[in-house]
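Text of final_30.csv (CSV, C-alpha atoms) as supplied:
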chain,number,residue,atom,x,y,z
E,1,MET,CA,37.0,178.7,292.4
E,2,ILE,CA,33.9,177.4,294.2
E,3,THR,CA,30.4,178.1,292.9
E,4,LEU,CA,27.5,177.1,295.1
E,5,ARG,CA,24.3,175.7,293.9
E,6,LYS,CA,21.9,176.0,296.8
E,7,SER,CA,19.2,173.5,297.5
E,8,THR,CA,16.5,176.0,297.2
E,9,GLU,CA,17.6,177.2,293.8
E,10,ARG,CA,17.1,173.7,292.3
E,11,GLY,CA,14.2,172.9,290.1
E,12,HIS,CA,11.3,171.2,291.9
E,13,SER,CA,8.4,169.0,290.9
E,14,ASN,CA,5.8,167.3,293.1
E,15,ARG,CA,3.5,164.9,291.4
E,16,GLY,CA,2.2,163.5,294.6
E,17,TRP,CA,3.7,160.1,294.2
E,18,LEU,CA,7.1,161.6,293.3
E,19,ASP,CA,8.7,164.7,294.9
E,20,SER,CA,11.9,165.7,293.0
E,21,TYR,CA,14.5,168.3,293.2
E,22,PHE,CA,16.6,168.8,290.0
E,23,SER,CA,20.2,170.1,290.2
E,24,PHE,CA,20.1,170.5,286.4
E,25,SER,CA,17.4,171.0,283.8
E,26,PHE,CA,15.2,168.0,283.6
E,27,ALA,CA,11.7,167.2,282.3
E,28,ASP,CA,9.6,170.3,282.8
E,29,TYR,CA,12.3,172.2,284.6
E,30,TYR,CA,14.5,174.1,282.1
E,31,ASP,CA,17.1,176.6,283.0
E,32,PRO,CA,19.7,177.2,280.3
E,33,LYS,CA,22.2,178.2,283.0
E,34,HIS,CA,21.9,174.8,284.6
E,35,MET,CA,22.2,172.2,281.9
E,36,GLY,CA,24.8,170.1,283.6
E,37,PHE,CA,28.4,170.3,284.7
E,38,ARG,CA,30.9,168.9,282.3
E,39,ALA,CA,29.8,165.3,281.6
E,40,LEU,CA,27.4,165.4,284.5
E,41,ARG,CA,24.0,165.9,283.1
E,42,VAL,CA,21.4,165.1,285.8
E,43,ILE,CA,21.2,164.9,289.5
E,44,ASN,CA,17.7,164.2,290.6
E,45,ASP,CA,16.9,164.0,294.3
E,46,ASP,CA,13.7,161.9,294.4
E,47,ARG,CA,11.3,160.8,297.1
E,48,ILE,CA,9.0,158.1,295.9
E,49,GLN,CA,5.8,157.2,297.7
E,50,PRO,CA,5.3,153.5,298.8
E,51,ALA,CA,4.4,151.1,295.9
E,52,GLN,CA,4.8,153.9,293.4
E,53,GLY,CA,7.3,154.4,290.7
E,54,PHE,CA,8.4,155.0,287.1
E,55,GLY,CA,6.7,152.7,284.7
E,56,PRO,CA,8.6,151.2,281.7
E,57,HIS,CA,10.5,153.9,279.8
E,58,ALA,CA,13.5,154.0,277.5
E,59,HIS,CA,17.0,155.4,277.7
E,60,ARG,CA,19.7,155.7,275.1
E,61,ASP,CA,23.3,156.7,275.3
E,62,MET,CA,23.4,157.6,278.9
E,63,GLU,CA,25.2,156.3,282.0
E,64,ILE,CA,22.5,156.2,284.7
E,65,ILE,CA,23.6,155.8,288.3
E,66,THR,CA,21.2,155.3,291.2
E,67,TYR,CA,22.1,155.7,294.8
E,68,VAL,CA,19.5,155.0,297.5
E,69,LEU,CA,19.6,156.9,300.8
E,70,ASP,CA,16.5,155.4,302.4
E,71,GLY,CA,14.2,152.6,301.4
E,72,HIS,CA,14.4,150.1,298.5
E,73,LEU,CA,13.9,150.4,294.8
E,74,LEU,CA,12.8,147.6,292.5
E,75,HIS,CA,14.4,147.7,289.1
E,76,ARG,CA,13.3,145.7,286.1
E,77,ASP,CA,14.6,146.0,282.5
E,78,SER,CA,14.4,144.8,279.0
E,79,MET,CA,17.6,142.8,279.5
E,80,GLY,CA,15.8,140.6,282.0
E,81,GLU,CA,17.5,142.2,285.0
E,82,ARG,CA,15.4,142.3,288.2
E,83,HIS,CA,17.0,143.7,291.3
E,84,ILE,CA,16.2,145.5,294.5
E,85,LEU,CA,18.5,148.4,295.4
E,86,GLY,CA,18.9,149.7,298.9
E,87,PRO,CA,21.2,151.8,301.0
E,88,ASN,CA,25.0,151.2,300.7
E,89,GLU,CA,24.6,149.9,297.2
E,90,VAL,CA,25.0,151.5,293.8
E,91,GLN,CA,23.4,150.7,290.5
E,92,THR,CA,24.8,151.7,287.2
E,93,MET,CA,23.0,151.2,283.9
E,94,SER,CA,24.7,151.9,280.7
E,95,ALA,CA,21.8,152.6,278.3
E,96,GLY,CA,24.0,152.5,275.2
E,97,THR,CA,22.1,151.4,272.1
E,98,GLY,CA,18.8,151.3,274.1
E,99,ILE,CA,17.2,149.9,277.1
E,100,VAL,CA,13.7,149.9,278.7
E,101,HIS,CA,13.4,149.8,282.4
E,102,SER,CA,11.0,150.5,285.3
E,103,GLU,CA,11.8,151.6,288.9
E,104,PHE,CA,9.3,151.2,291.7
E,105,ASN,CA,9.4,151.7,295.4
E,106,ALA,CA,9.6,148.1,296.6
E,107,SER,CA,7.9,148.8,299.8
E,108,GLU,CA,4.1,149.1,300.4
E,109,THR,CA,4.7,151.3,303.5
E,110,GLU,CA,8.0,153.2,303.3
E,111,GLU,CA,9.1,156.1,301.2
E,112,VAL,CA,12.2,155.8,299.0
E,113,HIS,CA,14.7,158.6,299.0
E,114,SER,CA,17.2,158.2,296.1
E,115,ILE,CA,19.6,160.2,294.0
E,116,GLN,CA,19.5,159.5,290.2
E,117,ILE,CA,22.5,160.6,288.2
E,118,TRP,CA,23.0,160.8,284.5
E,119,ILE,CA,26.5,161.1,283.0
E,120,LEU,CA,27.0,161.6,279.3
E,121,PRO,CA,29.0,158.7,277.9
E,122,ALA,CA,32.3,159.3,276.0
E,123,ARG,CA,30.9,157.4,273.1
E,124,GLU,CA,27.5,156.3,271.8
E,125,ASP,CA,26.2,152.9,270.9
E,126,VAL,CA,27.8,150.9,273.6
E,127,THR,CA,26.3,147.6,274.5
E,128,PRO,CA,23.7,148.1,277.3
E,129,SER,CA,24.7,146.8,280.6
E,130,TYR,CA,23.5,146.6,284.2
E,131,GLN,CA,25.7,146.6,287.3
E,132,GLN,CA,24.9,146.7,291.0
E,133,ILE,CA,27.4,146.5,293.9
E,134,ALA,CA,27.0,146.6,297.6
E,135,PHE,CA,29.5,147.9,300.1
E,136,SER,CA,29.9,148.0,303.9
E,137,PRO,CA,28.9,151.4,305.5
E,138,GLU,CA,32.4,151.5,307.0
E,139,GLU,CA,33.9,151.9,303.5
E,140,LYS,CA,32.4,155.4,303.2
E,141,ARG,CA,32.9,156.6,306.7
E,142,GLY,CA,35.6,159.1,306.9
E,143,GLN,CA,36.9,158.1,303.5
E,144,LEU,CA,36.0,158.3,299.9
E,145,ARG,CA,34.3,155.1,298.5
E,146,LEU,CA,34.4,154.9,294.7
E,147,LEU,CA,31.0,154.1,293.3
E,148,ALA,CA,31.5,154.6,289.6
E,149,ALA,CA,34.5,154.9,287.4
E,150,PRO,CA,35.8,153.8,284.0
E,151,LYS,CA,37.9,151.2,285.7
E,152,GLU,CA,37.7,148.2,288.1
E,153,GLY,CA,36.8,148.7,291.7
E,154,ALA,CA,33.4,150.3,291.2
E,155,THR,CA,30.6,150.1,288.7
E,156,ILE,CA,32.1,150.8,285.4
E,157,ILE,CA,31.0,153.8,283.3
E,158,HIS,CA,31.9,154.8,279.8
E,159,GLN,CA,33.2,158.2,280.7
E,160,ASP,CA,36.3,159.7,282.3
E,161,ALA,CA,34.5,160.5,285.5
E,162,LEU,CA,34.8,159.3,289.0
E,163,LEU,CA,31.9,159.2,291.5
E,164,TYR,CA,32.7,158.8,295.2
E,165,VAL,CA,30.6,158.8,298.4
E,166,THR,CA,31.7,159.7,301.8
E,167,GLU,CA,30.0,160.1,305.2
E,168,LEU,CA,31.7,162.5,307.5
E,169,ALA,CA,31.3,162.9,311.2
E,170,PRO,CA,31.4,166.5,312.6
E,171,LYS,CA,34.9,168.0,311.9
E,172,GLN,CA,36.1,164.8,310.2
E,173,VAL,CA,38.0,165.8,307.1
E,174,VAL,CA,38.7,164.1,303.8
E,175,ARG,CA,40.8,165.7,301.0
E,176,HIS,CA,40.6,164.9,297.4
E,177,SER,CA,43.2,166.0,294.9
E,178,LEU,CA,42.1,167.3,291.5
E,179,ALA,CA,44.4,166.7,288.6
E,180,ALA,CA,45.2,169.6,286.2
E,181,GLY,CA,42.1,170.5,284.1
E,182,ARG,CA,39.7,168.4,286.2
E,183,ALA,CA,36.8,169.7,288.2
E,184,ALA,CA,34.6,168.5,291.0
E,185,TRP,CA,30.9,168.6,291.7
E,186,VAL,CA,30.1,168.1,295.4
E,187,GLN,CA,26.5,167.2,296.2
E,188,VAL,CA,25.4,167.0,299.8
E,189,VAL,CA,22.8,164.3,300.1
E,190,ARG,CA,22.4,164.2,303.9
E,191,GLY,CA,23.3,166.5,306.8
E,192,SER,CA,25.8,169.4,306.8
E,193,VAL,CA,29.4,169.7,305.6
E,194,THR,CA,31.9,172.3,304.6
E,195,VAL,CA,33.5,172.3,301.2
E,196,SER,CA,36.9,174.0,301.2
E,197,GLY,CA,35.6,176.1,304.1
E,198,GLN,CA,32.1,176.9,302.7
E,199,ASP,CA,29.0,175.7,304.6
E,200,LEU,CA,26.7,173.4,302.7
E,201,SER,CA,23.5,171.7,303.8
E,202,GLU,CA,21.4,168.8,302.5
E,203,GLY,CA,20.6,169.4,298.8
E,204,ASP,CA,23.3,172.0,298.3
E,205,ALA,CA,26.1,171.5,295.9
E,206,ALA,CA,29.4,173.1,294.9
E,207,ALA,CA,31.1,173.2,291.6
E,208,VAL,CA,34.9,173.3,292.1
E,209,THR,CA,37.1,174.4,289.3
E,210,GLU,CA,40.7,175.6,288.9
E,211,GLU,CA,41.6,174.1,292.2
E,212,THR,CA,44.1,171.4,293.0
E,213,GLU,CA,42.2,170.0,296.0
E,214,VAL,CA,38.8,169.8,297.6
E,215,ALA,CA,38.6,169.7,301.4
E,216,LEU,CA,35.4,168.1,302.7
E,217,ALA,CA,34.5,168.2,306.4
E,218,GLY,CA,31.5,167.1,308.4
E,219,ALA,CA,29.6,170.0,310.1
E,220,GLY,CA,26.7,170.6,312.4
E,221,ASN,CA,25.8,168.1,315.1
E,222,HIS,CA,25.6,165.1,312.9
E,223,GLY,CA,28.0,165.7,310.0
E,224,GLY,CA,26.9,164.8,306.5
E,225,GLU,CA,27.0,162.5,303.5
E,226,ILE,CA,28.4,163.7,300.1
E,227,LEU,CA,28.6,162.5,296.6
E,228,LEU,CA,31.8,163.8,294.9
E,229,PHE,CA,32.2,163.8,291.2
E,230,ASP,CA,35.7,164.2,289.7
E,231,LEU,CA,35.2,165.2,286.1
E,232,ARG,CA,37.4,166.0,283.1
H,233,MET,CA,13.6,166.4,262.1
H,234,SER,CA,11.8,165.3,265.3
H,235,GLN,CA,12.4,161.9,266.6
H,236,PRO,CA,9.9,159.2,265.6
H,237,ILE,CA,7.4,158.3,268.3
H,238,VAL,CA,6.4,154.6,268.5
H,239,LEU,CA,3.5,153.5,270.6
H,240,VAL,CA,3.8,149.8,271.6
H,241,THR,CA,0.5,148.4,272.9
H,242,PHE,CA,0.2,144.9,274.1
H,243,SER,CA,-2.0,142.5,276.1
H,244,CYS,CA,-0.4,140.0,278.4
H,245,GLN,CA,-1.3,137.8,281.3
H,246,THR,CA,2.0,135.9,281.8
H,247,GLY,CA,4.9,138.3,281.0
H,248,ASP,CA,5.7,136.6,277.7
H,249,THR,CA,4.1,139.1,275.4
H,250,GLU,CA,5.4,141.9,277.5
H,251,ARG,CA,8.9,140.6,276.8
H,252,LEU,CA,8.1,140.8,273.0
H,253,ALA,CA,6.7,144.3,273.4
H,254,LEU,CA,9.8,145.4,275.4
H,255,SER,CA,12.0,143.9,272.7
H,256,ALA,CA,10.1,145.8,270.0
H,257,ALA,CA,10.4,149.0,272.0
H,258,VAL,CA,14.2,148.5,272.4
H,259,GLY,CA,14.4,148.0,268.7
H,260,ALA,CA,12.7,151.3,268.1
H,261,VAL,CA,15.0,153.0,270.6
H,262,GLN,CA,18.0,151.5,268.8
H,263,ALA,CA,16.7,153.3,265.8
H,264,ARG,CA,16.6,156.5,267.9
H,265,ALA,CA,12.8,156.6,268.3
H,266,LEU,CA,11.0,157.7,271.4
H,267,ILE,CA,8.7,155.0,272.7
H,268,ARG,CA,5.5,154.7,274.7
H,269,LEU,CA,4.5,151.4,276.2
H,270,ARG,CA,0.8,150.7,277.0
H,271,ARG,CA,-1.1,147.6,278.1
H,272,ILE,CA,-4.6,146.6,277.2
H,273,PRO,CA,-6.6,146.3,280.5
H,274,ASP,CA,-7.5,142.9,281.8
H,275,VAL,CA,-10.9,141.3,281.2
H,276,ASP,CA,-10.7,139.9,284.7
H,277,GLN,CA,-9.9,142.9,286.9
H,278,GLY,CA,-9.8,140.8,290.0
H,279,SER,CA,-6.9,138.5,288.9
H,280,GLN,CA,-4.3,138.2,291.7
H,281,ASN,CA,-1.7,136.6,289.5
H,282,THR,CA,1.6,138.1,290.5
H,283,GLU,CA,2.7,139.1,287.0
H,284,VAL,CA,-0.7,140.5,286.2
H,285,VAL,CA,-0.8,142.6,289.4
H,286,ARG,CA,2.7,143.9,288.6
H,287,MET,CA,1.9,144.8,285.0
H,288,ARG,CA,-1.3,146.4,286.1
H,289,LYS,CA,0.8,148.7,288.3
H,290,GLU,CA,3.5,149.4,285.8
H,291,TYR,CA,1.5,150.2,282.7
H,292,VAL,CA,-1.5,152.3,281.9
H,293,ALA,CA,-4.0,151.7,279.2
H,294,PRO,CA,-3.6,153.3,275.7
H,295,ALA,CA,-5.5,156.5,275.3
H,296,GLU,CA,-6.6,158.5,272.2
H,297,ALA,CA,-3.8,161.0,272.9
H,298,ASP,CA,-1.2,158.2,272.8
H,299,VAL,CA,-2.4,157.1,269.4
H,300,LEU,CA,-2.6,160.6,268.0
H,301,GLY,CA,0.8,161.6,269.4
H,302,ALA,CA,2.5,158.5,267.8
H,303,ASP,CA,4.0,158.1,264.4
H,304,ALA,CA,3.7,154.4,264.5
H,305,LEU,CA,1.8,151.7,266.4
H,306,ILE,CA,3.0,148.3,267.2
H,307,LEU,CA,0.4,146.0,268.6
H,308,ALA,CA,1.4,142.8,270.4
H,309,ALA,CA,-0.8,139.9,271.6
H,310,SER,CA,-0.2,136.3,272.1
H,311,ALA,CA,-1.3,133.9,269.3
H,312,ASP,CA,-4.2,132.8,271.4
H,313,ALA,CA,-5.2,136.2,272.7
H,314,ASN,CA,-8.8,137.0,272.5
H,315,VAL,CA,-8.9,140.2,270.5
H,316,LEU,CA,-12.7,140.0,270.6
H,317,SER,CA,-12.5,140.7,274.3
H,318,ALA,CA,-14.1,144.0,275.4
H,319,PRO,CA,-10.8,145.7,276.3
H,320,TRP,CA,-9.2,144.9,272.9
H,321,GLN,CA,-12.4,145.8,271.1
H,322,GLU,CA,-12.5,149.1,272.9
H,323,PHE,CA,-9.0,150.0,271.6
H,324,LEU,CA,-9.6,148.6,268.1
H,325,ASN,CA,-12.8,150.6,267.9
H,326,LEU,CA,-10.8,153.7,268.9
H,327,LEU,CA,-8.4,152.9,266.0
H,328,LEU,CA,-11.3,152.3,263.7
H,329,ARG,CA,-12.9,155.6,264.5
H,330,LEU,CA,-9.6,157.5,264.2
H,331,GLY,CA,-9.0,155.7,260.9
H,332,SER,CA,-12.4,156.6,259.6
H,333,GLU,CA,-11.7,160.2,260.5
H,334,GLY,CA,-8.5,160.0,258.5
H,335,ARG,CA,-6.3,160.5,261.5
H,336,LEU,CA,-4.2,157.4,261.1
H,337,GLY,CA,-3.4,158.1,257.5
H,338,ARG,CA,0.2,159.2,258.2
H,339,LYS,CA,1.0,156.5,260.7
H,340,VAL,CA,2.7,153.1,260.4
H,341,GLY,CA,1.1,150.1,261.9
H,342,ALA,CA,2.8,146.8,262.7
H,343,SER,CA,1.9,143.8,264.8
H,344,ILE,CA,3.3,140.9,266.8
H,345,GLY,CA,1.4,137.7,267.3
H,346,GLY,CA,-2.3,137.1,267.2
H,347,ILE,CA,-3.4,140.7,266.5
H,348,SER,CA,-2.2,140.9,262.9
H,349,PRO,CA,-5.6,140.4,261.2
H,350,ALA,CA,-7.3,143.0,263.3
H,351,LEU,CA,-4.8,145.6,262.1
H,352,ALA,CA,-5.9,145.5,258.5
H,353,GLY,CA,-8.4,148.1,257.3
H,354,LEU,CA,-7.9,150.5,260.2
H,355,GLY,CA,-6.5,153.2,257.9
H,356,PHE,CA,-2.8,153.2,258.6
H,357,LEU,CA,-0.6,154.5,256.0
H,358,THR,CA,1.4,151.3,256.0
H,359,VAL,CA,0.6,148.0,257.7
H,360,THR,CA,3.7,146.0,257.9
H,361,GLN,CA,5.1,142.8,259.2
H,362,LEU,CA,8.7,143.4,258.5
H,363,SER,CA,10.1,140.7,260.7
H,364,SER,CA,9.1,138.0,263.1
H,365,ASP,CA,11.9,139.2,265.4
H,366,PRO,CA,10.3,141.9,267.6
H,367,LEU,CA,13.7,143.7,268.1
H,368,ALA,CA,14.2,143.9,264.3
H,369,LEU,CA,10.5,144.8,263.8
H,370,GLY,CA,10.7,147.7,266.3
H,371,ARG,CA,13.9,149.0,264.6
H,372,SER,CA,12.4,148.7,261.1
H,373,VAL,CA,9.2,150.5,262.1
H,374,ALA,CA,11.2,153.4,263.5
H,375,GLU,CA,13.4,153.5,260.4
H,376,MET,CA,10.3,153.5,258.2
H,377,VAL,CA,8.8,156.4,260.1
H,378,ARG,CA,12.0,158.3,259.8
H,379,THR,CA,12.0,157.7,256.0
H,380,LEU,CA,8.4,158.8,255.7
H,381,LYS,CA,9.0,162.0,257.8
H,382,SER,CA,12.0,163.0,255.6
H,383,SER,CA,10.2,162.4,252.3
Whole structure given in structure tokens:
Amino acid sequence: MITLRKSTERGHSNRGWLDSYFSFSFADYYDPKHMGFRALRVINDDRIQPAQGFGPHAHRDMEIITYVLDGHLLHRDSMGERHILGPNEVQTMSAGTGIVHSEFNASETEEVHSIQIWILPAREDVTPSYQQIAFSPEEKRGQLRLLAAPKEGATIIHQDALLYVTELAPKQVVRHSLAAGRAAWVQVVRGSVTVSGQDLSEGDAAAVTEETEVALAGAGNHGGEILLFDLR
Amino acid sequence: MSQPIVLVTFSCQTGDTERLALSAAVGAVQARALIRLRRIPDVDQGSQNTEVVRMRKEYVAPAEADVLGADALILAASADANVLSAPWQEFLNLLLRLGSEGRLGRKVGASIGGISPALAGLGFLTVTQLSSDPLALGRSVAEMVRTLKSS
């Protein structure tokens, strides 16, 4: 079964410096029908104005994954980590027992377009950690590149969840098998795609349940980029 | 019971006291509190020191609503901080006024570094220096608030 979550149905907030679309309830956007999908709690599609950002704030017991589509984010945290995150990189922060961090657009001139993801951890009170990895753009072209997982080969999260990214040219197809009992959330972050035959555009998403496979294909004139979550 | 809210307010020119404030905030979060971090404005608004410019961008000054909305305040300043400076005095006068109005009477106060003497007599329910370790202090303050809220 495939259930679509159209871009225009998402929550929206524009504070001037921050223009956000919320796939699930977040901050002032509350919809009890959209509180998350399995362990996936938050997908925020953020556009941050130059030199602006989120001042120091705290998190606890959450796996926080950031994926930048355009621009660069400057991250600082209470563990002393200070990094700049850009396209073709992924940052994962396990908040665990508690962390304070800030995120700012590192540029004085260019907007940042980023996706922030929160995944509920399988257990509380883990030791806070920060990971950031870079990959070649080729690794996501026409194939699934693992970004986060509870195992080596990606940033490690404390949950039985897999996060992939793929960039598909028009008509280019990638298939992903779903084990029994598992489900997928497909979030289109750029361009147009089809998900098991259904048309999706930037910002749209599909919840895939009770299926054994997800077929992803690039569509339109330029194809698209997708985040694929494989969840228990 | 609602989560304790701990307001951590600090002054800093180098990043050192900021680290202590962040540590206290993390301690409060470890004890499952919500935190707000605020920075006392600079005396020299024209300073171009990189750290100062960054902190000026990242933090806002504490406001009355921050104090009233918090269950506890942790103030942090370096040992040689000038708490007689206009920005500190403005904040301390705000606390003094709120204290005289009886609006701090159910809040916990704690301090790190050179601000300790200024905290006395402001009207907090408890003024405490539970630990010199800011992480432990933050945790203890949040736990103390939780105990007070449940009593």
Exercise. Which neighbours of Gly53 (chain E) fall inside 8 Å, counting all atoms listed in the file, when residues of the same chain fewer than 3 positions from it are skipped, and could you give them as a list in words?
Worked result: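 Everything that qualifies: Trp17, Leu18, Ile48, Gln49, Ser102, Glu103, Phe104 and Asn105 of chain E; Glu290 of chain H.
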Problem set entry | Å distance separating CA of Ser348 (chain H) from CA of Val100 (chain E), one decimal place | 24.2 Å
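Residue nearest chain H within the list E:Val42, E:Lys6, E:Gln91, E:Pro128: E:Pro128 [criterion: smallest interatomic distance, all atoms listed in the file].
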For this session: Considering only C-alpha atoms, state which residue in the set H:Val258, H:Ala302, H:Val285, H:Ile347 is at the smallest distance from Leu316 (chain H).
Result: H:Ile347
Exercise. Which distance in Å separates CA of Asp199 (chain E) and CA of Gly223 (chain E), to one decimal?
Worked result: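 Going from CA of Asp199 (chain E) over to CA of Gly223 (chain E), I get 11.4 Å.
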Exercise. With distances taken over all atoms listed in the file, which of H:Pro273, H:Gly301, H:Gly337, H:Gly259 is nearest to chain E?
Worked result: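 Among the listed residues, H:Gly259 lies closest to chain E.
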Generate the coordinates of all heavy atoms for region 318-326 of chain H; report them as a PDB file, in the frame of the given file.
ATOM      1  N   ALA H 318     -13.630 142.592 275.351  1.00  0.00           N
ATOM      2  CA  ALA H 318     -14.100 144.000 275.400  1.00  0.00           C
ATOM      3  C   ALA H 318     -12.916 144.992 275.483  1.00  0.00           C
ATOM      4  O   ALA H 318     -12.951 146.008 274.763  1.00  0.00           O
ATOM      5  CB  ALA H 318     -14.975 144.153 276.672  1.00  0.00           C
ATOM      6  N   PRO H 319     -11.862 144.743 276.279  1.00  0.00           N
ATOM      7  CA  PRO H 319     -10.800 145.700 276.300  1.00  0.00           C
ATOM      8  C   PRO H 319     -10.083 145.906 274.955  1.00  0.00           C
ATOM      9  O   PRO H 319      -9.807 147.036 274.534  1.00  0.00           O
ATOM     10  CB  PRO H 319      -9.818 145.187 277.357  1.00  0.00           C
ATOM     11  CG  PRO H 319     -10.659 144.309 278.217  1.00  0.00           C
ATOM     12  CD  PRO H 319     -11.650 143.696 277.285  1.00  0.00           C
ATOM     13  N   TRP H 320      -9.819 144.781 274.255  1.00  0.00           N
ATOM     14  CA  TRP H 320      -9.200 144.900 272.900  1.00  0.00           C
ATOM     15  C   TRP H 320     -10.138 145.602 271.957  1.00  0.00           C
ATOM     16  O   TRP H 320      -9.743 146.467 271.185  1.00  0.00           O
ATOM     17  CB  TRP H 320      -8.819 143.519 272.368  1.00  0.00           C
ATOM     18  CG  TRP H 320      -7.372 143.147 272.508  1.00  0.00           C
ATOM     19  CD1 TRP H 320      -6.869 142.073 273.194  1.00  0.00           C
ATOM     20  CD2 TRP H 320      -6.226 143.830 271.960  1.00  0.00           C
ATOM     21  NE1 TRP H 320      -5.492 142.063 273.118  1.00  0.00           N
ATOM     22  CE2 TRP H 320      -5.072 143.125 272.367  1.00  0.00           C
ATOM     23  CE3 TRP H 320      -6.063 144.974 271.182  1.00  0.00           C
ATOM     24  CZ2 TRP H 320      -3.780 143.506 272.012  1.00  0.00           C
ATOM     25  CZ3 TRP H 320      -4.772 145.374 270.829  1.00  0.00           C
ATOM     26  CH2 TRP H 320      -3.659 144.643 271.234  1.00  0.00           C
ATOM     27  N   GLN H 321     -11.415 145.208 272.010  1.00  0.00           N
ATOM     28  CA  GLN H 321     -12.400 145.800 271.100  1.00  0.00           C
ATOM     29  C   GLN H 321     -12.503 147.306 271.312  1.00  0.00           C
ATOM     30  O   GLN H 321     -12.641 148.080 270.357  1.00  0.00           O
ATOM     31  CB  GLN H 321     -13.739 145.120 271.219  1.00  0.00           C
ATOM     32  CG  GLN H 321     -13.801 143.756 270.533  1.00  0.00           C
ATOM     33  CD  GLN H 321     -13.460 143.839 269.039  1.00  0.00           C
ATOM     34  OE1 GLN H 321     -14.060 144.597 268.294  1.00  0.00           O
ATOM     35  NE2 GLN H 321     -12.451 143.067 268.614  1.00  0.00           N
ATOM     36  N   GLU H 322     -12.420 147.705 272.560  1.00  0.00           N
ATOM     37  CA  GLU H 322     -12.500 149.100 272.900  1.00  0.00           C
ATOM     38  C   GLU H 322     -11.354 149.884 272.170  1.00  0.00           C
ATOM     39  O   GLU H 322     -11.551 150.944 271.568  1.00  0.00           O
ATOM     40  CB  GLU H 322     -12.462 149.359 274.366  1.00  0.00           C
ATOM     41  CG  GLU H 322     -12.730 150.795 274.763  1.00  0.00           C
ATOM     42  CD  GLU H 322     -12.725 150.988 276.286  1.00  0.00           C
ATOM     43  OE1 GLU H 322     -13.044 150.033 277.016  1.00  0.00           O
ATOM     44  OE2 GLU H 322     -12.376 152.094 276.712  1.00  0.00           O
ATOM     45  N   PHE H 323     -10.149 149.295 272.253  1.00  0.00           N
ATOM     46  CA  PHE H 323      -9.000 150.000 271.600  1.00  0.00           C
ATOM     47  C   PHE H 323      -9.088 149.888 270.118  1.00  0.00           C
ATOM     48  O   PHE H 323      -8.818 150.879 269.425  1.00  0.00           O
ATOM     49  CB  PHE H 323      -7.698 149.304 272.146  1.00  0.00           C
ATOM     50  CG  PHE H 323      -6.463 149.980 271.613  1.00  0.00           C
ATOM     51  CD1 PHE H 323      -6.228 151.322 271.861  1.00  0.00           C
ATOM     52  CD2 PHE H 323      -5.538 149.274 270.852  1.00  0.00           C
ATOM     53  CE1 PHE H 323      -5.088 151.955 271.363  1.00  0.00           C
ATOM     54  CE2 PHE H 323      -4.399 149.900 270.353  1.00  0.00           C
ATOM     55  CZ  PHE H 323      -4.179 151.244 270.611  1.00  0.00           C
ATOM     56  N   LEU H 324      -9.473 148.726 269.607  1.00  0.00           N
ATOM     57  CA  LEU H 324      -9.600 148.600 268.100  1.00  0.00           C
ATOM     58  C   LEU H 324     -10.673 149.513 267.593  1.00  0.00           C
ATOM     59  O   LEU H 324     -10.534 150.077 266.508  1.00  0.00           O
ATOM     60  CB  LEU H 324      -9.824 147.136 267.755  1.00  0.00           C
ATOM     61  CG  LEU H 324      -8.634 146.189 268.031  1.00  0.00           C
ATOM     62  CD1 LEU H 324      -9.025 144.736 267.783  1.00  0.00           C
ATOM     63  CD2 LEU H 324      -7.410 146.572 267.197  1.00  0.00           C
ATOM     64  N   ASN H 325     -11.743 149.674 268.343  1.00  0.00           N
ATOM     65  CA  ASN H 325     -12.800 150.600 267.900  1.00  0.00           C
ATOM     66  C   ASN H 325     -12.303 152.049 267.897  1.00  0.00           C
ATOM     67  O   ASN H 325     -12.700 152.841 267.039  1.00  0.00           O
ATOM     68  CB  ASN H 325     -14.034 150.479 268.813  1.00  0.00           C
ATOM     69  CG  ASN H 325     -14.825 149.211 268.506  1.00  0.00           C
ATOM     70  OD1 ASN H 325     -14.717 148.653 267.402  1.00  0.00           O
ATOM     71  ND2 ASN H 325     -15.594 148.733 269.474  1.00  0.00           N
ATOM     72  N   LEU H 326     -11.443 152.357 268.859  1.00  0.00           N
ATOM     73  CA  LEU H 326     -10.800 153.700 268.900  1.00  0.00           C
ATOM     74  C   LEU H 326     -10.019 153.897 267.594  1.00  0.00           C
ATOM     75  O   LEU H 326     -10.129 154.926 266.923  1.00  0.00           O
ATOM     76  CB  LEU H 326      -9.937 153.843 270.105  1.00  0.00           C
ATOM     77  CG  LEU H 326      -8.975 155.045 270.105  1.00  0.00           C
ATOM     78  CD1 LEU H 326      -9.756 156.357 270.178  1.00  0.00           C
ATOM     79  CD2 LEU H 326      -7.987 154.952 271.263  1.00  0.00           C
TER      80      LEU H 326
END
